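Chemist: Following this line is run-v3.cif, made up of mmCIF, C-alpha atoms:
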data_model
loop_
_atom_site.group_PDB
_atom_site.id
_atom_site.type_symbol
_atom_site.label_atom_id
_atom_site.label_comp_id
_atom_site.auth_asym_id
_atom_site.auth_seq_id
_atom_site.Cartn_x
_atom_site.Cartn_y
_atom_site.Cartn_z
ATOM 1 C CA SER G 257 25.052 -40.256 32.198
ATOM 2 C CA VAL G 258 27.759 -42.145 34.080
ATOM 3 C CA PRO G 259 29.028 -40.484 37.293
ATOM 4 C CA ARG G 260 32.661 -39.506 37.299
ATOM 5 C CA ARG G 261 35.135 -41.734 39.066
ATOM 6 C CA PRO G 262 35.717 -40.446 42.629
ATOM 7 C CA ARG G 263 38.785 -38.224 42.859
ATOM 8 C CA LEU G 264 40.792 -39.236 45.915
ATOM 9 C CA HIS G 265 42.781 -36.003 46.046
ATOM 10 C CA PRO G 266 43.471 -32.914 43.913
ATOM 11 C CA PRO G 267 45.643 -33.695 40.906
ATOM 12 C CA PRO G 268 49.441 -33.250 41.142
ATOM 13 C CA GLY G 269 50.570 -29.656 41.049
ATOM 14 C CA ARG G 270 47.240 -28.318 42.316
ATOM 15 C CA SER G 271 47.250 -26.972 45.848
ATOM 16 C CA ARG G 272 44.612 -28.280 48.270
ATOM 17 C CA ALA G 273 44.197 -24.788 49.724
ATOM 18 C CA ARG G 274 44.550 -21.623 47.709
ATOM 19 C CA SER G 275 46.953 -19.023 48.964
ATOM 20 C CA GLU G 276 44.291 -16.375 48.450
ATOM 21 C CA VAL G 277 41.457 -16.893 50.907
ATOM 22 C CA LEU G 278 38.122 -15.108 50.777
ATOM 23 C CA TRP G 279 35.417 -14.886 53.377
ATOM 24 C CA GLN G 280 32.291 -12.912 54.043
ATOM 25 C CA GLY G 281 30.443 -11.968 57.160
ATOM 26 C CA VAL G 282 27.117 -11.650 58.868
ATOM 27 C CA ILE G 283 23.445 -11.448 58.055
ATOM 28 C CA ARG G 284 20.968 -10.296 60.706
ATOM 29 C CA PRO G 285 17.270 -9.635 60.194
ATOM 30 C CA ASP G 286 16.708 -6.741 62.557
ATOM 31 C CA GLU G 287 19.584 -4.354 62.000
ATOM 32 C CA ILE G 288 22.302 -3.230 59.595
ATOM 33 C CA LEU G 289 25.766 -4.515 60.382
ATOM 34 C CA ARG G 290 28.799 -2.992 58.743
ATOM 35 C CA GLY G 291 32.347 -4.290 58.848
ATOM 36 C CA ALA G 292 35.183 -5.765 56.856
ATOM 37 C CA GLY G 293 33.822 -8.514 54.675
ATOM 38 C CA SER G 294 30.239 -8.065 55.836
ATOM 39 C CA VAL G 295 27.088 -7.936 53.791
ATOM 40 C CA VAL G 296 24.703 -5.080 54.531
ATOM 41 C CA LEU G 297 20.985 -5.835 54.764
ATOM 42 C CA ALA G 298 18.343 -3.366 55.828
ATOM 43 C CA ALA G 299 15.289 -5.561 56.475
ATOM 44 C CA VAL G 300 13.997 -9.063 56.857
ATOM 45 C CA CYS G 301 12.742 -10.806 53.741
ATOM 46 C CA VAL G 302 9.211 -11.892 54.653
ATOM 47 C CA LEU G 303 8.145 -13.125 51.208
ATOM 48 C CA ALA G 304 8.936 -16.282 49.225
ATOM 49 C CA LEU G 305 7.432 -18.872 51.563
ATOM 50 C CA MET G 306 7.881 -21.498 48.857
ATOM 51 C CA ALA G 307 11.270 -22.774 47.826
ATOM 52 C CA PRO G 308 12.775 -20.882 44.886
ATOM 53 C CA SER G 309 13.079 -22.817 41.647
ATOM 54 C CA GLY G 310 15.793 -25.470 41.730
ATOM 55 C CA MET G 311 16.020 -25.599 45.519
ATOM 56 C CA ALA G 312 15.571 -28.690 47.637
ATOM 57 C CA SER G 313 12.290 -29.159 49.470
ATOM 58 C CA GLN G 314 11.981 -29.126 53.254
ATOM 59 C CA GLU G 315 11.702 -32.922 53.250
ATOM 60 C CA GLU G 316 15.146 -33.195 51.653
ATOM 61 C CA SER G 317 16.585 -31.375 54.658
ATOM 62 C CA GLU G 318 16.135 -34.608 56.605
ATOM 63 C CA THR G 319 19.117 -36.142 54.769
ATOM 64 C CA TYR G 320 21.659 -33.740 56.282
ATOM 65 C CA CYS G 321 24.354 -35.056 58.585
ATOM 66 C CA ALA G 322 27.660 -33.501 59.642
ATOM 67 C CA SER G 323 30.937 -34.931 58.332
ATOM 68 C CA PRO G 324 33.969 -35.316 60.631
ATOM 69 C CA ALA G 325 35.431 -32.036 59.330
ATOM 70 C CA GLU G 326 32.136 -30.252 59.942
ATOM 71 C CA MET G 327 31.923 -31.725 63.452
ATOM 72 C CA ARG G 328 35.434 -30.432 64.074
ATOM 73 C CA MET G 329 34.302 -26.940 63.056
ATOM 74 C CA LEU G 330 31.412 -27.202 65.520
ATOM 75 C CA GLU G 331 33.869 -28.175 68.251
ATOM 76 C CA LEU G 332 36.111 -25.197 67.493
ATOM 77 C CA ILE G 333 33.213 -22.727 67.493
ATOM 78 C CA ASN G 334 31.835 -24.107 70.751
ATOM 79 C CA ASP G 335 35.287 -23.947 72.368
ATOM 80 C CA LEU G 336 35.421 -20.271 71.404
ATOM 81 C CA ARG G 337 31.972 -19.707 72.911
ATOM 82 C CA ALA G 338 32.876 -21.598 76.082
ATOM 83 C CA GLY G 339 35.787 -19.220 76.592
ATOM 84 C CA ARG G 340 33.248 -16.390 76.756
ATOM 85 C CA GLY G 341 30.852 -18.249 79.029
ATOM 86 C CA LEU G 342 28.311 -18.878 76.255
ATOM 87 C CA ASP G 343 26.210 -21.996 75.748
ATOM 88 C CA PRO G 344 27.313 -24.386 72.997
ATOM 89 C CA LEU G 345 25.540 -24.400 69.654
ATOM 90 C CA GLN G 346 23.583 -27.494 68.619
ATOM 91 C CA LEU G 347 23.467 -28.940 65.112
ATOM 92 C CA SER G 348 20.229 -28.134 63.286
ATOM 93 C CA ARG G 349 18.992 -30.334 60.453
ATOM 94 C CA SER G 350 17.369 -27.502 58.494
ATOM 95 C CA LEU G 351 20.280 -25.082 59.012
ATOM 96 C CA GLY G 352 22.672 -27.853 58.005
ATOM 97 C CA ALA G 353 20.738 -28.593 54.830
ATOM 98 C CA ALA G 354 20.778 -24.903 53.930
ATOM 99 C CA ALA G 355 24.534 -24.727 54.589
ATOM 100 C CA GLU G 356 25.092 -27.816 52.461
ATOM 101 C CA HIS G 357 23.069 -26.305 49.611
ATOM 102 C CA LYS G 358 25.039 -23.059 49.862
ATOM 103 C CA SER G 359 28.492 -24.666 49.906
ATOM 104 C CA GLN G 360 27.721 -27.015 47.023
ATOM 105 C CA GLU G 361 26.230 -24.187 44.979
ATOM 106 C CA MET G 362 29.245 -21.919 45.566
ATOM 107 C CA ALA G 363 31.607 -24.749 44.603
ATOM 108 C CA SER G 364 29.717 -25.666 41.449
ATOM 109 C CA GLN G 365 28.936 -22.112 40.294
ATOM 110 C CA GLY G 366 32.181 -20.478 41.399
ATOM 111 C CA TYR G 367 30.969 -17.572 43.538
ATOM 112 C CA LEU G 368 31.468 -16.352 47.110
ATOM 113 C CA GLN G 369 28.588 -14.104 48.083
ATOM 114 C CA HIS G 370 25.747 -14.283 50.577
ATOM 115 C CA GLU G 371 23.203 -13.802 47.788
ATOM 116 C CA SER G 372 23.246 -16.448 45.079
ATOM 117 C CA PRO G 373 23.702 -15.569 41.396
ATOM 118 C CA ASP G 374 19.959 -16.055 40.839
ATOM 119 C CA GLY G 375 19.111 -13.668 43.673
ATOM 120 C CA VAL G 376 18.287 -16.060 46.527
ATOM 121 C CA THR G 377 18.946 -14.344 49.873
ATOM 122 C CA PRO G 378 20.018 -16.147 53.072
ATOM 123 C CA HIS G 379 16.503 -15.731 54.452
ATOM 124 C CA GLU G 380 14.993 -17.374 51.378
ATOM 125 C CA LEU G 381 17.589 -20.152 51.512
ATOM 126 C CA LEU G 382 16.749 -20.996 55.133
ATOM 127 C CA ARG G 383 13.017 -20.874 54.542
ATOM 128 C CA ALA G 384 13.378 -23.179 51.546
ATOM 129 C CA HIS G 385 14.941 -25.767 53.845
ATOM 130 C CA GLY G 386 12.299 -25.464 56.540
ATOM 131 C CA TYR G 387 13.892 -22.929 58.894
ATOM 132 C CA GLU G 388 11.032 -20.426 59.191
ATOM 133 C CA HIS G 389 11.423 -19.285 62.792
ATOM 134 C CA ASN G 390 11.128 -15.671 63.934
ATOM 135 C CA THR G 391 14.716 -15.423 65.115
ATOM 136 C CA PRO G 392 17.968 -13.653 64.257
ATOM 137 C CA ILE G 393 20.105 -15.549 61.764
ATOM 138 C CA GLY G 394 23.741 -15.351 60.716
ATOM 139 C CA GLU G 395 25.815 -16.696 57.876
ATOM 140 C CA ASN G 396 29.593 -17.103 57.600
ATOM 141 C CA ILE G 397 31.120 -18.298 54.332
ATOM 142 C CA ALA G 398 34.716 -18.967 53.331
ATOM 143 C CA ALA G 399 36.726 -20.459 50.485
ATOM 144 C CA GLY G 400 40.230 -21.756 49.908
ATOM 145 C CA GLN G 401 41.007 -23.911 52.947
ATOM 146 C CA GLU G 402 40.377 -27.620 53.360
ATOM 147 C CA SER G 403 40.633 -27.946 57.122
ATOM 148 C CA ALA G 404 38.225 -26.768 59.780
ATOM 149 C CA GLU G 405 41.126 -25.315 61.768
ATOM 150 C CA GLU G 406 42.301 -23.005 58.975
ATOM 151 C CA THR G 407 38.809 -21.864 58.077
ATOM 152 C CA PHE G 408 37.906 -21.296 61.723
ATOM 153 C CA ALA G 409 41.040 -19.172 62.119
ATOM 154 C CA GLN G 410 39.852 -16.952 59.251
ATOM 155 C CA TRP G 411 36.510 -16.388 60.951
ATOM 156 C CA ARG G 412 37.982 -15.998 64.432
ATOM 157 C CA ASP G 413 40.471 -13.366 63.277
ATOM 158 C CA SER G 414 37.774 -11.304 61.539
ATOM 159 C CA PRO G 415 35.801 -9.121 63.999
ATOM 160 C CA THR G 416 32.616 -9.452 61.971
ATOM 161 C CA HIS G 417 32.762 -13.234 61.711
ATOM 162 C CA ARG G 418 33.849 -13.652 65.326
ATOM 163 C CA GLU G 419 30.839 -11.582 66.380
ATOM 164 C CA VAL G 420 28.548 -14.038 64.625
ATOM 165 C CA MET G 421 30.138 -17.053 66.317
ATOM 166 C CA LEU G 422 29.883 -15.371 69.732
ATOM 167 C CA ASP G 423 26.327 -14.105 69.407
ATOM 168 C CA GLU G 424 24.481 -15.078 72.587
ATOM 169 C CA ASP G 425 21.136 -15.134 70.739
ATOM 170 C CA PHE G 426 22.196 -18.113 68.644
ATOM 171 C CA GLU G 427 21.406 -21.647 69.807
ATOM 172 C CA ALA G 428 21.632 -23.639 66.569
ATOM 173 C CA ILE G 429 24.059 -24.040 63.686
ATOM 174 C CA GLY G 430 24.422 -25.875 60.387
ATOM 175 C CA ILE G 431 27.867 -26.425 58.883
ATOM 176 C CA ALA G 432 28.822 -27.721 55.445
ATOM 177 C CA ARG G 433 31.970 -28.025 53.339
ATOM 178 C CA ALA G 434 32.105 -28.704 49.594
ATOM 179 C CA TYR G 435 34.927 -29.428 47.168
ATOM 180 C CA ASN G 436 35.195 -28.875 43.432
ATOM 181 C CA VAL G 437 38.551 -29.441 41.737
ATOM 182 C CA GLU G 438 37.488 -27.278 38.794
ATOM 183 C CA SER G 439 36.557 -24.269 40.939
ATOM 184 C CA GLU G 440 38.805 -21.304 41.694
ATOM 185 C CA TYR G 441 39.280 -22.044 45.404
ATOM 186 C CA ASP G 442 38.627 -25.821 45.620
ATOM 187 C CA TRP G 443 37.049 -25.773 49.100
ATOM 188 C CA TYR G 444 33.937 -23.841 50.155
ATOM 189 C CA TRP G 445 32.557 -23.563 53.700
ATOM 190 C CA THR G 446 29.227 -22.296 55.039
ATOM 191 C CA ALA G 447 27.960 -21.911 58.602
ATOM 192 C CA GLU G 448 24.311 -20.952 59.154
ATOM 193 C CA PHE G 449 23.296 -19.692 62.615
ATOM 194 C CA GLY G 450 19.873 -19.330 64.222
ATOM 195 C CA GLY G 451 18.182 -18.757 67.557
ATOM 196 C CA VAL G 452 15.913 -21.847 67.454
ATOM 197 C CA LEU G 453 17.169 -25.425 67.266
ATOM 198 C CA ALA G 454 14.021 -27.109 65.871
ATOM 199 C CA GLU G 455 15.045 -30.585 64.671
ATOM 200 C CA PRO G 456 18.576 -31.586 65.732
ATOM 201 C CA ALA G 457 21.018 -33.132 63.271
ATOM 202 C CA ARG G 458 23.475 -35.973 63.800
ATOM 203 C CA PRO G 459 27.042 -36.685 62.730
ATOM 204 C CA CYS G 460 27.312 -38.754 59.565
ATOM 205 C CA ASP G 461 29.228 -41.391 61.555
ATOM 206 C CA ALA G 462 26.100 -42.022 63.628
ATOM 207 C CA ASP G 463 24.011 -42.562 60.514
ATOM 208 C CA MET G 464 26.524 -44.976 59.009
ATOM 209 C CA ALA G 465 26.902 -46.893 62.269
ATOM 210 C CA ALA G 466 23.132 -47.390 62.362
ATOM 211 C CA THR G 467 23.035 -48.706 58.776
ATOM 212 C CA PRO G 468 23.906 -52.405 58.342
ATOM 213 C CA ALA G 469 26.089 -53.511 55.467
ATOM 214 C CA ALA G 470 24.080 -54.331 52.351
ATOM 215 C CA THR G 471 26.045 -57.514 51.651
ATOM 216 C CA PRO G 472 28.461 -59.498 53.809
ATOM 217 C CA ALA G 473 32.121 -59.346 52.920
ATOM 218 C CA ALA G 474 33.715 -62.300 51.223
ATOM 219 C CA PRO G 475 36.179 -64.307 53.342
ATOM 220 C CA GLY G 476 39.580 -62.655 53.436
ATOM 221 C CA THR G 477 38.211 -59.280 52.279
ATOM 222 C CA ASN G 478 39.248 -56.154 54.148
ATOM 223 C CA LEU G 479 36.428 -53.643 54.255
ATOM 224 C CA VAL G 480 37.334 -49.964 54.039
ATOM 225 C CA ARG G 481 34.753 -47.310 54.872
ATOM 226 C CA LEU G 482 35.120 -44.198 52.732
ATOM 227 C CA PHE G 483 33.827 -40.698 53.316
ATOM 228 C CA CYS G 484 33.215 -38.760 50.102
ATOM 229 C CA GLU G 485 32.450 -35.103 49.497
ATOM 230 C CA GLY G 486 32.103 -33.156 46.300
ATOM 231 C CA ALA G 487 29.799 -31.330 43.964
ATOM 232 C CA GLN G 488 27.220 -32.187 41.359
ATOM 233 C CA LEU G 489 28.237 -30.736 38.018
ATOM 234 C CA PRO G 490 25.894 -29.116 35.479
ATOM 235 C CA ASP G 491 25.915 -32.303 33.378
ATOM 236 C CA GLU G 492 24.566 -34.208 36.427
ATOM 237 C CA THR G 493 27.809 -36.100 36.989
ATOM 238 C CA TYR G 494 29.714 -35.833 40.253
ATOM 239 C CA ASP G 495 33.208 -34.652 41.152
ATOM 240 C CA LEU G 496 34.066 -36.324 44.464
ATOM 241 C CA THR G 497 36.991 -36.545 46.848
ATOM 242 C CA CYS G 498 37.021 -39.693 49.011
ATOM 243 C CA ARG G 499 39.184 -40.840 51.877
ATOM 244 C CA PRO G 500 39.180 -43.698 54.378
ATOM 245 C CA GLN G 501 37.513 -42.915 57.669
#
Could I get this file's structure written as structure tokens?
Modeler:
Amino acid sequence: SVPRRPRLHPPPGRSRARSEVLWQGVIRPDEILRGAGSVVLAAVCVLALMAPSGMASQEESETYCASPAEMRMLELINDLRAGRGLDPLQLSRSLGAAAEHKSQEMASQGYLQHESPDGVTPHELLRAHGYEHNTPIGENIAAGQESAEETFAQWRDSPTHREVMLDEDFEAIGIARAYNVESEYDWYWTAEFGGVLAEPARPCDADMAATPAATPAAPGTNLVRLFCEGAQLPDETYDLTCRPQ
């Protein structure tokens, strides 16, 4: 099938950020946390060492990089931590791949829960992407806001989500944002937290800067670098939003 033409912005009359914003809270393996918007778990999932059906393999985690908006979210979270005297979080490739999977799945399937519609838990999601360390983990999700600043404000103003971002046991993070014009909330964010960095990730800008142009530009041609985000649809086409960098 032919991929859809990239969508440069939401169609006229459709708000970029929904007025109703949803978010959910924290997952930890060693205790039960209760609070507004939090998910309650009683124990660590120690099974399912292999990726659940339909999930990416660990090798595919190596393709993750952080977009400018995702790097901005990292900056905001680390500024919050610095104000409390905490060490900054570092981008993790496996946590980032898991976050990317989660955001794209929520955007394409239209849900906002820590457990996926087919029953995959956060622990299983992380393990499927190669994050198998014996460490506390956390997950913040949100929907409805395009910018890192607005989504960060949601998490910061929620005691449960703020607790995750300020957890001194966390050293690593993966952040991903996805967009689907046909979904209820348009924009979906995920942040995965862990206590072990493992393999660090890089900003997408670094990857693009290290990749030479495939073909030289014709004389008089102005090259424009685009950054595109979106979701793969059930029919294997893509719904993308692109903008100049």
Chemist: Please work out which residues fall within 10 Å of (38.1, -24.2, 46.2), coordinates as given in the file, with only C-alpha atoms counting, and return them as a PyMOL selection string.
Modeler: chain G and resi 271-274+277+362-364+366+398-402+434-445
Chemist: Please determine, counting only C-alpha atoms, which residue among G:Glu326, G:Asp495, G:Glu388, G:Glu406 has the shortest atom-to-atom distance to Asp461 of chain G.
Modeler: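 Going through G:Glu326, G:Asp495, G:Glu388, G:Glu406 one by one, the smallest distance to Asp461 of chain G is for G:Glu326.
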Chemist: On this structure, which residues satisfy the PyMOL selection byres ((chain G and resi 381) around 9), written as a list in words?
Modeler: Ala307, Pro308, Met311, Ala354, Ala355, His357, Lys358, Val376, Thr377, Pro378, His379, Glu380, Leu382, Arg383, Ala384, His385 and Tyr387 of chain G
Chemist: Could you write out as an MDAnalysis selection string the residues that the PyMOL selection byres ((chain G and resi 416-432) around 8) matches in the shown file?
Modeler: chainID G and resid 280:282 291:294 322 326 329:330 333 336:337 340 342:356 359 392:396 411:415 433:434 445:453
Chemist: To one decimal in Å, tell me the separation between atom CA of Tyr320 of chain G and atom CA of Ala338 of chain G.
Modeler: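 It comes out at 25.8 Å.
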Chemist: What is the distance between atom CA of Cys484 of chain G and atom CA of Ser323 of chain G, in Å to one decimal?
Modeler: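 Separation between atom CA of Cys484 of chain G and atom CA of Ser323 of chain G: 9.4 Å.
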Chemist: Quick one: pull the distance between atom CA of Gly386 of chain G and atom CA of Pro456 of chain G, Å, one decimal.
Modeler: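 Separation of atom CA of Gly386 of chain G and atom CA of Pro456 of chain G: 12.7 Å.
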Chemist: Give me the residues near Gln369 of chain G as a list in words, where near means some atom within 8 Å (using only C-alpha atoms) and where sequence neighbours in that chain fewer than 2 positions away do not count.
Modeler: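 What passes the distance filter is Gln280, Tyr367, Glu371, Ser372 and Ile397 of chain G.
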